[in-house]
Amino acid sequence: MARAFFRLQKFLRRTQFLLFFLTAAYLMAGSLLLLQRTRLVIQQGSRGTSANQALSVPDGMSGVGIIDPRMLQNPHPGPRLLVGMDALQEPALDQQHGPRWLASRNSELRQLRRRWFHRFISDQEPMQPAGFKAMKHTTEHKGTYMGCFSDDSRERTLKGAVFYDLRKMTVSHCQEACAERAYTYAGLAYGAECYCGNKLPTTPSKPEECNSECKGEKGSICGGVNRLSVYRVEELRAGARRRRNVIYRGCFRAPENLTDTFPASLIQPNLTVEMCSEFCSKKEFPLAVIRGQECYCGYPTGRFPLHDGADGLLCSRMHNASSATEGKYCLVYQTPVQDTRCTDRKFLTTKSKVFVALSSFPGAGNTWARHLIEHATGYYTGSYYFDGALYNKGFKGEKDHWRSRRTICVKTHESGKTEIEMFDSAILLIRNPYKSLMAEFNRKYAGHLGYATDRNWKSKEWPEFVNSYASWWASHVLDWLKYGKRLLVIHYEDLKQSLIPKLKEMVEFLNMTVTEDRLLCVENNRDGNFKRSGAKQKDFEPFTQEMKDLINRYILTVDEALRGRNFTGLPREYVPR
C-alpha cells in the first residue's frame with residue numbers, strides 16, 4: 001500500500017513538472033511568435049503603408065514632455081464597435097428597427113484595440129543615433145534656409161500660425177502653408193510641427209541640434225526638440241496668394257476711438273484692400289479695417305466684436321466727403337493671418353475630479369465641438385477611441401488614455417447603461433438625424449473632410465446604412481437621457497447659429513472661466529480645419545420616402561423624451577419632412 005502511494009506521489013510530481021515545463025514552453029513560443037510578428041509589421045511599416053490600409057492612434061503634448069508624433073490613419077470603427085450591448089438588452093425603441101449587426105461588442109473592441117496596438121508598434125521607427133548626419137537641408141526646397149534656432153514654447157517668435165501633421169509633414173508643406181498666409185518665415189520642430197511668423201528667432205542653436213527627420217520626407221530635417229529649422233519663404237506669386245486669401249467680413253460701425261481699439265494703423269493716399277491687408281499681415285494681425293484712406297489692424301474684441309453688421313451701402317458712400325456717414329463706418333477684411341490668442345493648449349496639470357463626456361452620435365459635430373472647447377478653455381479633449389487622423393490635426397488628447405482625467409472632457413459615441421454611468425456628467429450634442437446620417441456616411445467613405453461619391457450613395461450600402469444607423473441615432477439620445485447623471489443638452493444647429501452664447505454654456509458646465517477676447521478668438525477661428533472639401537452635391541436628396549418615415553418616427557420619439565426630462569425639444573428644422 002505504501003509503495004502504491006509512493007508511486008502515485010512520484011507520478012504527480014512528474015506531472016506537475018511536466019505541466020510547468022509545457023506552460024513555460026507555451027509562453028516562450030508565444031513570446032517568440034509575438035516578437036517575430038512585431039518585427040514583420042515593423043519591416044512592412046518601413047516600406048510604407050497606404051493611407052487606406054493604415055489604422056489610427058491618439059495624441060498628447062504640452063506640459064507633459066514631448067510626445068513621439070508617429071501617427072496612424074483613422075480606422076473608422078463601424079457602429080457595431082461603438083454601441084453598447086445594454087442598448088440592445090433594454091431597447092428604448094421598437095425592436096424591429098434595432099440594428100441587426102450588433103453582436104459581441106467587447107470581443108470586437110479588444111480585437112480592434114489589439115490591431116491598433118500592433119499598427120502603433122509598426123509606426124515606431126528605430127532611432128538613428130548618428131544617422132541624422134546623413135540627413136540634410138536639401139536644396140530642392142524653394143525657401144532659403146536661415147539656420148537652427150532655439151524655440152521656447154512660452155515665448156515663441158514664430159507665433160503667427162501653427163500647423164500639425166504628425167505623419168506627412170515636409171519642409172515644402174510648411175513653407176506653402178506659411179506663404180499662403182503671407183508670412184515671411186516658416187519654422188519646423190519635432191519633425192511634425194510648423195510655425196509661421198514675420199520675425200526671425202533671435203537665439204541661434206548648433207546645427208546638429210536640429211536633428212528630427214521630417215515625418216513625410218526622409219532625409220530632410222524638420223527641427224528638433226525645442227529647436228526650429230527656419231526658412232525664409234519664397235515670395236513668388238505672394239501678391240496673388242494674399243489677395244486670394246483675404247476675406248470680406250462686412251461693413252461695420254466704426255468704434256469711437258480707432259487708435260485705442262486697433263494696435264497698428266497706416267494712412268495711405270489711394271489706399272487699396274491689398275495694401276491694407278499686406279500691411280496688417282506683416283504686423284501679424286487677422287483683421288484689416290479700412291476707413292477712407294486709413295488702415296487699421298487688430299483683433300475682434302469687446303469694443304469691436306463684429307456681431308452687428310451694417311448695410312454695405314453705408315460703407316460704399318463713405319468715400320464721398322459730403323456724406324453724413326463719413327467716418328462712422330468701416331470695411332473689415334480677414335487677412336491670411338491666424339488669430340493665435342486662443343491656439344495655446346495643454347493637458348490639465350492635476351487630474352480632473354469630475355469625469356465629463358462629450359457624447360454624440362457619429363456625424364453630429366463632435367470633432368468640431370472639441371475644436372471649440374479646446375480653443376475656448378486652452379485644454380485638450382480626450383477620446384474613448386484612437387483616431388490617428390485627428391491626432392495628426394493637433395488633437396493631442398487622442399493619444400492620452402481616455403480615463404487619465406488629464407483632458408477637459410472625453411469624446412464618446414457609446415450608449416448603454418455601463419458605458420454611460422462611467423461618467424459623472426456629460427455634454428450631449430444632438431444634430432438633425434438627416435444631416436448626421438449623411439455626415440457619417442461621408443466620413444465612412446471619404447474621411448473627415450471628404451464627400452462620398454455618387455456610386456456610394458446609389459449602392460445598396462446606403463439603404464442598409466440608414467436602416468441600421470437611424471435607430472442608433474435615437475437609442476443614443478434615449479440612453480443618455482435615461483442613464484446620464486448630469487446632462488447639458490446642446491443642439492448642433494443652435495451652436496452654429498449662436499456660437500458664443502452656447503459655447504459659454506459649455507465652458508461654464510465644464511467649470512471653466514474664459515475671457516471674452518478668447519471667445520471672440522474662437523469665433524474668429526470657428527471652422528478650424530474641419531470643413532469638408534471637394535464638390536458638394538447640390539439639391540441632392542438621398543432619402544426615399546420609406547427612409548423618411550422611419551427617421552421621422554425616431555425624431556418624434558426623441559423629441560418627446562427630451563421634453564419629458566424638462567429639456568428643450570428638438571429644433572423646428574427636425575420636424576418630419
# chains A, B, ... in the order shown; residues from 1 in each chain; ligands from 1

$ select_by_dssp --residues "segment 484-531 of chain A" --states "strand (DSSP E or B)" --output "ChimeraX atom specification"
/A:487-491

$ atom_distance --atom1 "atom CA of Tyr299 of chain A" --atom2 "atom CA of Leu449 of chain A"
28.2 Å

$ closest_residue --among "A:Met28, A:Val337, A:Ile267, A:Cys315" --to "Ala177 of chain A" --atoms "only C-alpha atoms"
A:Val337

$ closest_atom_pairs --of "segment 418-454 of chain A" --to "segment 483-506 of chain A" --cutoff "7 Å" --atoms "only C-alpha atoms" --output "CSV"
residue,atom,partner,partner_atom,distance
A:Ile420,CA,A:Gly484,CA,6.2
A:Glu421,CA,A:Tyr483,CA,6.5
A:Asp424,CA,A:Lys485,CA,6.2
A:Ser425,CA,A:Arg486,CA,4.5
A:Ala426,CA,A:Leu487,CA,5.1
A:Ile427,CA,A:Leu488,CA,4.8
A:Leu428,CA,A:Val489,CA,4.8
A:Leu429,CA,A:Ile490,CA,4.9
A:Ile430,CA,A:His491,CA,4.9
A:Arg431,CA,A:Tyr492,CA,5.1
